[in-house]
Amino acid sequence: MPFSNEYEAVIIGSGFGGAAMCARLSKRWPGQVLLLERGKAYPLGSFPRSPNDLASNFWSPRDDASERPRHVARQKSDKGALLGMFDVRSFARMDTVTCAGLGGGSLIYANVFLRPSARNFEQHWPQGLNLATLAPYYDIAQSVLGARTIPPHQNEQDRRFILRTQQFQQFAASQQLPSKLSDIAVYFGRGYSYAGAAQPSEIGLQEKNRYGAVQTSCTYCGECDIGCNVHAKNTTDLNYLHAARAYHGAQVQTQARVNQIVPLNAAGEDDASADGQHGYRVYFDDFAAGSARTVTAKRVVVSAGTLGSNELLLRCRDIYRSLPRLSARLGQRFSGNGDFLAFALDGQREINSTYGPVITQYTDHHLFENHDPERAFLLEDASVPTHAGWAVAALQPVLHPWDRFKMLLSVAWEALASLYPGRKSQRLGSLIQQLLRHDVTQYSAVLLCMGIDKSDGRLQLNQAGFLDIDWPQKTSQPLYDAILALGERFKDFIGARLFMPMPNWLWPMRHNVTVHPLGGCTLADSPEQGVVSGRPEDRGQVFGYQGLYVADGAIVPGALGANPAATITALSEWIAHGITGQQPDDTLR
């Protein structure tokens, strides 16, 4: 009797790739799809906010030997294991920040849905796979994710007016650079986000979105990147995954970290020489139960994010030897997507960096128009959470040491004098107001950039069997120099006291930081060129295996310059269409 698999498909990961695949495959095979996510689910209001909880909201399981920042390593030492949301890793010349949680990177990204330039597809991409080919899939993904520009405002007193947006637009005009409002996957009401209504719902109004998940119309709190506690972000757990479970019976297991994938023979036995035609066994740790488990499936979709997918497949090929047919190109063409973070601090122009969605617009520095491949990048505005503004206020004594010292002495004197009977201080309230005046975050800007780096990094395993990155930073230096030069001009524009790149970039570290890692399992026309097929007939399938797919940022063949969420989702829709044979639509039914 032939062996029967438990599932038609097992999907590993729940970000943009895994969620789209889960929705489409579960529609094709209702009740026969299982999604495994290493992180936790985050219901409404469950994202950590206290200093204590935020300090341990990192990912580093008990057996993890990855290089972590010191504060993460200390927390792990104290607690034994960390199963929080932020996966922060340190490599030579490159640090990374990714996410563990149901919804993957959508939980902490900055919401931008942006199609890249058509030029991106002219090099290193498979023949025939280009912006025009993917256009219908971009359209579907944008509709599902409800991505539109920020709602219009009536005047500067309108609660929907975002001063930061205006200042960045004025800077772009001063530099004669194009600036456009970004389409962002933020919930401004069911009508506005999904039906094209001209006016949004009232700020803070709760209602069900088009898929039946409860969301809140954006409250402009600036907390997008640390998890939205009111569910105003259109994260994948509120659309693709919600529909997969509610409409098609998809099964989702969180706190399930996959360790190994093994092809099966006709008898249902693990067989590393098999090509996948009889399915696969997936080995994973169930952190909630504290045990190791396995499942079998006819097909497996690896959507664990660029770092997770590469690490898993490299281990399967080089340590467990369970997938020996994987291409020798595995791990190559890694890109940090040109990510660069900097700050213009304590300016003369008011910015108000604690209000609004994290990103609202982008300034095009020779990426879409007047293309310059050596210096092509986008500058995007950014907000910080309001409570972070209080922490940043601690910088004021550093920026204005003498002024702040004199003010503190005045406050202390008035406070002491008011203790004497019969004396009332008329100035104490005024002095406290003076202390809080000129909040640094009101007059400082966060500059987010991403561009076309050389995409010449390599992902490999270190001696301990964990992922390592070889990042030849100098080859992309012209891009970083151009970003730094524009940052200095922004500093002058707002009259800032200081322009400062992210501290990791400062000497002697000189580390890049990426939140958009790409590549390593790249799409190609052959295994000599990449890892995953970009051919229409077997799109997304790993060369050398049947029924084994990759669908996430790992398959992108190089830097996009644009925020990659749109492209990852569109590619995943394209791959799912090939697997299921069903034309995707935005109803998800």
# chains A, B, ... in the order shown; residues from 1 in each chain; ligands from 1

$ residues_around --residues "A:Leu82" --least-positions-apart "6" --cutoff "12 Å" --atoms "only C-alpha atoms" --output "VMD selection string"
chain A and resid 38 to 40 53 to 64 68 71 to 76 88 100 255 287

$ residues_around --residues "A:Met500" --least-positions-apart "6" --cutoff "8 Å" --atoms "only C-alpha atoms" --output "NGL selection string"
:A and (342-345)

$ select_by_dssp --residues "stretch 17-266 of chain A" --states "helix (DSSP H, G or I)" --output "VMD selection string"
chain A and resid 17 to 28 51 to 55 70 to 79 104 to 107 118 to 122 131 to 144 163 to 174 190 to 195 224 to 226 236 to 238 240 to 248

$ closest_residue --among "A:His124, A:Arg245, A:Arg148, A:His366" --to "A:Lys454" --atoms "only C-alpha atoms"
A:His124

$ residues_around --residues "A:Thr254" --least-positions-apart "4" --cutoff "12 Å" --atoms "only C-alpha atoms" --output "MDAnalysis selection string"
chainID A and resid 11:14 34:42 83 100:104 237 258 284:289

$ residues_around --residues "A:Leu312" --least-positions-apart "4" --cutoff "8 Å" --atoms "only C-alpha atoms" --output "count of residues only"
5

$ residues_around --residues "A:Gly519" --least-positions-apart "5" --cutoff "7 Å" --atoms "only C-alpha atoms" --output "list in words"
Thr306, Arg333, Phe334, Ser335, Gly553, Ala554, Ile555, Val556, Pro557 and Gly558 of chain A

$ residues_around --residues "A:Tyr192" --least-positions-apart "3" --cutoff "12 Å" --atoms "only C-alpha atoms" --output "PyMOL selection string"
chain A and resi 143+146-152+185-189+195-202+209-210+217-218

$ residues_around --residues "stretch 91-97 of chain A" --least-positions-apart "4" --cutoff "8 Å" --atoms "only C-alpha atoms" --output "MDAnalysis selection string"
chainID A and resid 67 86:87 468:473 509:515 517

$ write_last_selection --atoms "N, CA, C and O atoms" --output "CSV table (one decimal), in the first residue's frame"
chain,number,residue,atom,x,y,z
A,67,GLU,N,26.0,34.8,17.1
A,67,GLU,CA,26.6,35.9,17.7
A,67,GLU,C,25.5,37.0,17.9
A,67,GLU,O,24.8,37.4,16.9
A,86,PHE,N,12.2,40.1,18.4
A,86,PHE,CA,13.3,40.7,17.6
A,86,PHE,C,14.5,39.7,17.5
A,86,PHE,O,15.1,39.3,18.5
A,87,ASP,N,14.9,39.3,16.3
A,87,ASP,CA,16.0,38.4,16.1
A,87,ASP,C,17.1,39.3,15.6
A,87,ASP,O,17.2,39.7,14.4
A,468,ASP,N,26.5,32.5,9.0
A,468,ASP,CA,27.5,33.6,9.0
A,468,ASP,C,27.4,34.4,7.7
A,468,ASP,O,26.9,33.8,6.7
A,469,ILE,N,27.8,35.6,7.7
A,469,ILE,CA,27.7,36.5,6.5
A,469,ILE,C,29.1,37.0,6.2
A,469,ILE,O,29.8,37.6,7.0
A,470,ASP,N,29.5,36.8,4.9
A,470,ASP,CA,30.7,37.5,4.4
A,470,ASP,C,30.2,38.7,3.6
A,470,ASP,O,29.7,38.5,2.5
A,471,TRP,N,30.4,39.9,4.1
A,471,TRP,CA,29.9,41.1,3.5
A,471,TRP,C,31.1,42.0,3.0
A,471,TRP,O,31.7,42.6,3.8
A,472,PRO,N,31.4,42.0,1.7
A,472,PRO,CA,32.5,42.9,1.2
A,472,PRO,C,32.0,44.3,1.1
A,472,PRO,O,31.7,44.8,0.1
A,473,GLN,N,32.1,45.0,2.3
A,473,GLN,CA,31.5,46.3,2.4
A,473,GLN,C,32.0,47.3,1.4
A,473,GLN,O,31.3,48.2,0.9
A,509,MET,N,33.8,50.2,14.6
A,509,MET,CA,32.9,49.0,14.2
A,509,MET,C,32.7,49.0,12.7
A,509,MET,O,32.9,48.0,12.0
A,510,ARG,N,32.2,50.1,12.1
A,510,ARG,CA,31.9,50.2,10.7
A,510,ARG,C,31.0,49.0,10.2
A,510,ARG,O,31.3,48.3,9.2
A,511,HIS,N,29.9,48.8,10.9
A,511,HIS,CA,29.0,47.7,10.5
A,511,HIS,C,27.8,48.3,9.8
A,511,HIS,O,27.3,49.4,10.2
A,512,ASN,N,27.4,47.7,8.7
A,512,ASN,CA,26.1,48.0,8.2
A,512,ASN,C,25.0,47.3,9.1
A,512,ASN,O,25.3,46.3,9.7
A,513,VAL,N,23.8,47.8,9.0
A,513,VAL,CA,22.7,47.2,9.6
A,513,VAL,C,21.6,47.0,8.6
A,513,VAL,O,21.2,48.0,8.0
A,514,THR,N,21.1,45.8,8.4
A,514,THR,CA,20.0,45.6,7.5
A,514,THR,C,18.8,45.0,8.2
A,514,THR,O,18.9,44.2,9.0
A,515,VAL,N,17.6,45.6,7.8
A,515,VAL,CA,16.3,45.0,8.2
A,515,VAL,C,15.6,44.4,7.0
A,515,VAL,O,14.5,43.9,7.1
A,517,PRO,N,17.2,41.9,4.6
A,517,PRO,CA,18.2,41.0,4.0
A,517,PRO,C,17.5,40.2,2.8
A,517,PRO,O,16.3,39.8,2.9

$ closest_residue --among "A:Lys208, A:His153, A:His516, A:Arg315" --to "A:Leu467" --atoms "only C-alpha atoms"
A:Arg315

$ select_by_dssp --residues "stretch 67-119 of chain A" --states "strand (DSSP E)" --output "list in words"
Leu82, Leu83, Phe86, Asp87, Val88, Arg89, Ser90, Phe91, Met94, Asp95, Thr96, Val97, Thr98 and Cys99 of chain A

$ write_last_selection --atoms "N, CA, C and O atoms" --output "PDB file, in the first residue's frame"
ATOM      1  N   LEU A  82      15.476  32.952  25.137  1.00  0.00           N
ATOM      2  CA  LEU A  82      14.633  34.080  24.755  1.00  0.00           C
ATOM      3  C   LEU A  82      13.809  33.671  23.540  1.00  0.00           C
ATOM      4  O   LEU A  82      14.354  33.251  22.522  1.00  0.00           O
ATOM      5  N   LEU A  83      12.505  33.808  23.643  1.00  0.00           N
ATOM      6  CA  LEU A  83      11.610  33.469  22.538  1.00  0.00           C
ATOM      7  C   LEU A  83      10.762  34.677  22.158  1.00  0.00           C
ATOM      8  O   LEU A  83       9.584  34.560  21.841  1.00  0.00           O
ATOM      9  N   PHE A  86      12.246  40.122  18.402  1.00  0.00           N
ATOM     10  CA  PHE A  86      13.343  40.685  17.612  1.00  0.00           C
ATOM     11  C   PHE A  86      14.517  39.706  17.539  1.00  0.00           C
ATOM     12  O   PHE A  86      15.106  39.346  18.548  1.00  0.00           O
ATOM     13  N   ASP A  87      14.853  39.305  16.327  1.00  0.00           N
ATOM     14  CA  ASP A  87      15.993  38.432  16.075  1.00  0.00           C
ATOM     15  C   ASP A  87      17.135  39.322  15.583  1.00  0.00           C
ATOM     16  O   ASP A  87      17.183  39.708  14.414  1.00  0.00           O
ATOM     17  N   VAL A  88      18.039  39.667  16.498  1.00  0.00           N
ATOM     18  CA  VAL A  88      19.148  40.573  16.182  1.00  0.00           C
ATOM     19  C   VAL A  88      20.434  39.767  16.158  1.00  0.00           C
ATOM     20  O   VAL A  88      20.782  39.108  17.136  1.00  0.00           O
ATOM     21  N   ARG A  89      21.138  39.821  15.041  1.00  0.00           N
ATOM     22  CA  ARG A  89      22.384  39.060  14.898  1.00  0.00           C
ATOM     23  C   ARG A  89      23.524  39.987  14.510  1.00  0.00           C
ATOM     24  O   ARG A  89      23.324  40.985  13.812  1.00  0.00           O
ATOM     25  N   SER A  90      24.713  39.623  14.949  1.00  0.00           N
ATOM     26  CA  SER A  90      25.924  40.392  14.642  1.00  0.00           C
ATOM     27  C   SER A  90      26.853  39.542  13.788  1.00  0.00           C
ATOM     28  O   SER A  90      27.190  38.413  14.156  1.00  0.00           O
ATOM     29  N   PHE A  91      27.242  40.097  12.648  1.00  0.00           N
ATOM     30  CA  PHE A  91      28.186  39.437  11.755  1.00  0.00           C
ATOM     31  C   PHE A  91      29.338  40.397  11.462  1.00  0.00           C
ATOM     32  O   PHE A  91      29.319  41.560  11.873  1.00  0.00           O
ATOM     33  N   MET A  94      28.312  43.431   9.099  1.00  0.00           N
ATOM     34  CA  MET A  94      26.887  43.488   8.830  1.00  0.00           C
ATOM     35  C   MET A  94      26.111  42.951  10.030  1.00  0.00           C
ATOM     36  O   MET A  94      26.374  41.833  10.488  1.00  0.00           O
ATOM     37  N   ASP A  95      25.186  43.743  10.566  1.00  0.00           N
ATOM     38  CA  ASP A  95      24.265  43.283  11.599  1.00  0.00           C
ATOM     39  C   ASP A  95      22.869  43.206  10.975  1.00  0.00           C
ATOM     40  O   ASP A  95      22.562  43.928  10.018  1.00  0.00           O
ATOM     41  N   THR A  96      22.030  42.341  11.517  1.00  0.00           N
ATOM     42  CA  THR A  96      20.703  42.143  10.949  1.00  0.00           C
ATOM     43  C   THR A  96      19.636  42.221  12.034  1.00  0.00           C
ATOM     44  O   THR A  96      19.878  41.848  13.184  1.00  0.00           O
ATOM     45  N   VAL A  97      18.457  42.697  11.661  1.00  0.00           N
ATOM     46  CA  VAL A  97      17.296  42.706  12.548  1.00  0.00           C
ATOM     47  C   VAL A  97      16.131  42.101  11.775  1.00  0.00           C
ATOM     48  O   VAL A  97      15.702  42.636  10.754  1.00  0.00           O
ATOM     49  N   THR A  98      15.647  40.948  12.247  1.00  0.00           N
ATOM     50  CA  THR A  98      14.485  40.305  11.645  1.00  0.00           C
ATOM     51  C   THR A  98      13.493  39.976  12.759  1.00  0.00           C
ATOM     52  O   THR A  98      13.690  40.364  13.902  1.00  0.00           O
ATOM     53  N   CYS A  99      12.429  39.253  12.418  1.00  0.00           N
ATOM     54  CA  CYS A  99      11.329  39.092  13.374  1.00  0.00           C
ATOM     55  C   CYS A  99      10.906  37.638  13.516  1.00  0.00           C
ATOM     56  O   CYS A  99      10.880  36.888  12.535  1.00  0.00           O
TER      57      CYS A  99
END

$ closest_residue --among "A:Ile359, A:Leu313, A:Ala551, A:Met502" --to "A:Ser533" --atoms "only C-alpha atoms"
A:Ala551

$ atom_distance --atom1 "atom CA of A:Ala576" --atom2 "atom CA of A:Leu25"
6.9 Å
